[in-house]
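Visitor: mmCIF, C-alpha atoms, file data_3.cif:
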```cif
data_target
loop_
_atom_site.label_atom_id
_atom_site.label_comp_id
_atom_site.auth_asym_id
_atom_site.auth_seq_id
_atom_site.Cartn_x
_atom_site.Cartn_y
_atom_site.Cartn_z
CA ALA A 1 0.00 0.00 0.00
CA ARG A 2 2.86 2.38 0.79
CA HIS A 3 4.32 1.84 -2.67
CA ALA A 4 0.96 2.33 -4.39
CA PHE A 5 0.14 5.49 -2.43
CA ALA A 6 3.65 6.83 -2.98
CA SER A 7 3.66 6.26 -6.71
CA LEU A 8 0.00 6.89 -7.58
CA GLY A 9 -1.20 9.19 -4.79
CA TYR A 10 -4.28 8.71 -2.67
CA GLY A 11 -6.78 9.72 -5.35
CA ALA A 12 -5.46 7.47 -8.10
CA ALA A 13 -4.72 4.40 -5.98
CA THR A 14 -7.78 2.18 -6.07
CA ASN A 15 -8.60 -0.47 -3.51
CA ARG A 16 -8.06 -3.01 -6.27
CA ASP A 17 -4.52 -1.60 -6.87
CA LEU A 18 -3.79 -1.66 -3.17
CA ALA A 19 -5.01 -5.23 -2.75
CA ALA A 20 -3.12 -6.41 -5.83
CA GLN A 21 0.13 -4.87 -4.52
CA ALA A 22 -0.36 -6.85 -1.30
CA GLY A 23 -1.32 -10.04 -3.13
CA ILE A 24 -4.81 -10.13 -1.61
CA THR A 25 -8.36 -9.45 -2.78
CA ALA A 26 -10.13 -6.13 -2.29
CA GLY A 27 -12.58 -7.94 0.02
CA THR A 28 -9.72 -9.08 2.23
CA LEU A 29 -8.42 -5.52 2.31
CA TYR A 30 -11.83 -4.30 3.53
CA HIS A 31 -11.80 -6.99 6.21
CA TYR A 32 -8.73 -5.35 7.78
CA PHE A 33 -9.38 -1.71 6.85
CA GLY A 34 -12.87 -0.22 6.69
CA SER A 35 -11.90 2.27 4.01
CA LYS A 36 -9.10 3.45 1.80
CA LEU A 37 -8.62 6.37 4.21
CA ASP A 38 -8.20 3.93 7.12
CA LEU A 39 -5.50 2.09 5.18
CA TYR A 40 -3.81 5.36 4.22
CA VAL A 41 -3.73 6.46 7.86
CA ALA A 42 -2.31 3.07 8.89
CA VAL A 43 0.43 3.36 6.26
CA ASN A 44 1.14 6.90 7.40
CA ASP A 45 1.33 5.77 11.04
CA ASP A 46 3.75 3.01 10.10
CA VAL A 47 5.99 5.33 8.06
CA HIS A 48 6.04 8.02 10.74
CA ASP A 49 6.75 5.56 13.54
CA LEU A 50 9.69 4.12 11.61
CA VAL A 51 11.14 7.37 10.26
CA TYR A 52 10.70 9.59 13.31
CA GLY A 53 11.60 6.77 15.68
CA ARG A 54 14.94 6.31 13.90
CA ILE A 55 15.55 10.06 13.69
CA ASN A 56 14.83 10.56 17.38
CA GLU A 57 17.17 7.69 18.29
CA ALA A 58 19.93 9.25 16.20
CA MET A 59 19.37 12.71 17.69
CA ASP A 60 19.33 11.35 21.24
CA ALA A 61 22.76 9.76 20.70
CA VAL A 62 24.57 13.09 20.15
CA ASP A 63 24.66 16.61 21.57
CA GLY A 64 24.51 19.98 19.88
CA PHE A 65 22.75 21.27 16.81
CA VAL A 66 25.40 20.38 14.22
CA ALA A 67 25.80 16.83 15.54
CA LYS A 68 22.03 16.29 15.74
CA TRP A 69 21.51 17.85 12.28
CA GLU A 70 24.11 15.53 10.78
CA ALA A 71 22.52 12.57 12.59
CA VAL A 72 19.16 13.49 11.04
CA LEU A 73 20.73 13.74 7.58
CA GLU A 74 22.57 10.43 7.93
CA THR A 75 19.42 8.72 9.16
CA ALA A 76 17.52 10.10 6.16
CA SER A 77 20.22 8.68 3.90
CA GLU A 78 20.13 5.26 5.58
CA LEU A 79 16.34 5.11 5.42
CA ASN A 80 16.33 6.14 1.77
CA ARG A 81 18.85 3.44 0.93
CA TYR A 82 16.83 0.89 2.95
CA ASP A 83 13.50 1.74 1.33
CA PRO A 84 12.99 4.72 -1.01
CA THR A 85 9.20 4.39 -0.72
CA LEU A 86 9.41 5.82 2.80
CA ALA A 87 10.53 9.23 1.50
CA GLN A 88 8.32 8.93 -1.57
CA PHE A 89 5.28 8.31 0.63
CA LEU A 90 6.15 11.25 2.89
CA GLY A 91 6.47 13.49 -0.16
CA SER A 92 3.26 12.30 -1.77
CA SER A 93 1.37 12.58 1.52
CA ARG A 94 2.09 16.32 1.60
CA VAL A 95 0.49 16.61 -1.83
CA ASP A 96 -2.39 14.34 -0.82
CA MET A 97 -3.05 16.50 2.26
CA ARG A 98 -3.46 19.56 0.04
CA ARG A 99 -5.75 17.73 -2.39
CA HIS A 100 -7.88 15.77 0.08
CA PRO A 101 -9.24 17.58 3.17
CA GLU A 102 -10.11 14.26 4.81
CA ILE A 103 -6.44 13.27 4.73
CA ALA A 104 -5.36 16.65 6.08
CA ALA A 105 -7.77 16.24 8.99
CA ALA A 106 -6.69 12.66 9.68
CA LEU A 107 -2.96 13.48 9.55
CA ARG A 108 -2.92 16.81 11.39
CA ALA A 109 -1.22 15.23 14.43
CA HIS A 110 1.54 13.82 12.22
CA ALA A 111 2.35 17.24 10.81
CA ALA A 112 2.56 18.52 14.38
CA ARG A 113 4.94 15.65 15.25
CA ARG A 114 7.22 16.57 12.35
CA ASN A 115 7.17 20.24 13.28
CA GLN A 116 7.96 19.38 16.90
CA LEU A 117 10.97 17.33 15.83
CA PHE A 118 12.31 20.23 13.75
CA THR A 119 11.65 22.66 16.61
CA THR A 120 13.48 20.41 19.08
CA LEU A 121 16.46 20.26 16.73
CA VAL A 122 16.68 24.03 16.31
CA ASP A 123 16.05 24.71 19.99
CA GLU A 124 19.04 22.49 20.79
CA GLY A 125 21.17 24.85 18.74
CA VAL A 126 19.80 27.85 20.60
CA ARG A 127 20.44 26.08 23.92
CA THR A 128 24.05 25.29 23.05
CA GLY A 129 24.75 28.73 21.62
CA GLU A 130 25.29 27.41 18.08
CA ILE A 131 22.25 29.39 16.93
CA ASP A 132 21.52 32.99 17.78
CA PRO A 133 18.03 33.10 19.32
CA GLU A 134 17.26 35.95 16.94
CA HIS A 135 17.75 33.54 14.00
CA ARG A 136 15.71 30.67 15.46
CA GLY A 137 12.69 31.20 13.18
CA MET A 138 14.79 31.52 10.06
CA LEU A 139 16.75 28.36 10.85
CA LEU A 140 13.56 26.47 11.58
CA GLU A 141 12.30 27.39 8.10
CA LEU A 142 15.64 26.41 6.57
CA VAL A 143 15.68 23.01 8.30
CA THR A 144 12.11 22.35 7.18
CA THR A 145 12.86 23.41 3.61
CA ILE A 146 16.00 21.29 3.38
CA LEU A 147 14.41 18.15 4.81
CA VAL A 148 11.27 18.50 2.71
CA GLY A 149 13.45 19.19 -0.33
CA LEU A 150 15.57 16.11 0.29
CA THR A 151 12.40 14.06 0.48
CA ASP A 152 10.58 15.57 -2.48
CA ALA A 153 13.39 16.48 -4.88
CA VAL A 154 16.04 13.77 -4.74
CA SER A 155 14.79 10.75 -2.77
CA ASP A 156 14.12 8.81 -5.97
CA ASP A 157 17.85 8.73 -6.81
CA TYR A 158 20.10 7.56 -3.99
CA ALA A 159 23.30 9.02 -5.49
CA ARG A 160 21.72 12.47 -5.83
CA HIS A 161 20.22 12.18 -2.36
CA ARG A 162 23.63 11.34 -0.92
CA ARG A 163 25.32 14.25 -2.75
CA ALA A 164 22.66 16.65 -1.50
CA ILE A 165 23.13 15.45 2.09
CA ASP A 166 26.89 15.80 1.83
CA ALA A 167 26.49 19.31 0.40
CA VAL A 168 24.15 20.37 3.22
CA LYS A 169 26.60 19.06 5.80
CA LEU A 170 29.47 20.99 4.19
CA VAL A 171 27.41 24.19 4.09
CA VAL A 172 26.55 23.90 7.79
CA ARG A 173 30.24 23.30 8.60
CA GLY A 174 31.21 26.30 6.48
CA GLU A 175 33.29 24.15 4.14
CA LEU A 176 31.43 24.31 0.83
CA LEU A 177 31.29 28.02 0.07
CA HIS A 178 34.20 30.44 0.26
CA ARG A 179 33.99 34.21 0.44
CA VAL A 180 35.50 35.89 -2.56
CA PRO A 181 37.09 39.27 -1.83
CA ALA A 182 35.07 42.09 -3.34
#
```
For this file, produce the structure as structure tokens.
Guide:
Amino acid sequence: ARHAFASLGYGAATNRDLAAQAGITAGTLYHYFGSKLDLYVAVNDDVHDLVYGRINEAMDAVDGFVAKWEAVLETASELNRYDPTLAQFLGSSRVDMRRHPEIAAALRAHAARRNQLFTTLVDEGVRTGEIDPEHRGMLLELVTTILVGLTDAVSDDYARHRRAIDAVKLVVRGELLHRVPA
């Protein structure tokens, strides 16, 4: 179901498609899930538990913004190598939430969970002095944009995904760009 929702989107994925992907009948699918929305929410729950569980474990293992940020990026890389449909589903779910109000309502708590994770990451940088409190909001937007971009723009190609992660890490360390005298 994750693969079908990721590749087709909620609207285009039929219960017949979903059942066929799982090697079962549509009737069997309805036995376990009362509706396509119920299945979608279950897939979303599974993806979020796996992805955010791994990210939180990685963040908990290190201290400081830069170390936690790099742990998040490395975890994203590992998860994308393990199963690209995780990122593809996350990306397509953002589109599905905009297109289908019932999905937006059902997944509101998940969006809050993602936002809380990003806020925790940035607040660690403020706490350690790595981030000026005045720049907290801007960095929160940057973190969100980068992670969403990694998911939506390059998760379908592991080599590009890896290059993008390496580039982000170098930018944060101040090693990718050099000031040119005016």
Visitor: The PyMOL selection byres ((chain A and resi 143) around 12) - which residues does that actually catch in the file I just gave you? List them as a PyMOL selection string.
Guide: chain A and resi 65-66+68-70+72-73+114-115+117-123+125+136-142+144-150+168-169+172
Visitor: What does the distance from atom CA of A:Tyr82 to atom CA of A:Ala153 come to in Å, to one decimal?
Guide: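 That distance, rounded to one decimal, is 17.8 Å.
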Visitor: Between A:Asp166, A:Tyr10, A:Ala71, A:His161, single out the one closest to A:Asp38, counting only C-alpha atoms.
Guide: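 Smallest separation from A:Asp38 among the options: A:Tyr10.
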Visitor: Taking into account all atoms listed in the file, which residue in the set A:Ile55, A:Leu18, A:Ala164, A:Ala67 is nearest to A:Ser35?
Guide: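 Closest to A:Ser35 of all the choices is A:Leu18.
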Visitor: So which residues touch A:Val41 within 8 Å, counting only C-alpha atoms, skipping near sequence neighbours fewer than 3 positions away, as a ChimeraX atom specification?
Guide: /A:37-38,44-45,103,106-107
Visitor: May I ask which of the residues A:Gly23, A:Gly64, A:Gly53, A:Gly9 is the closest one to A:Tyr40, counting only C-alpha atoms?
Guide: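 Smallest separation from A:Tyr40 among the options: A:Gly9.
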Visitor: Report the residues retrieved by the PyMOL selection byres ((chain A and resi 90) around 10) from the displayed file, expressed as a PyMOL selection string.
Guide: chain A and resi 2+5-6+44+47-48+51+85-89+91-96+148+151-152
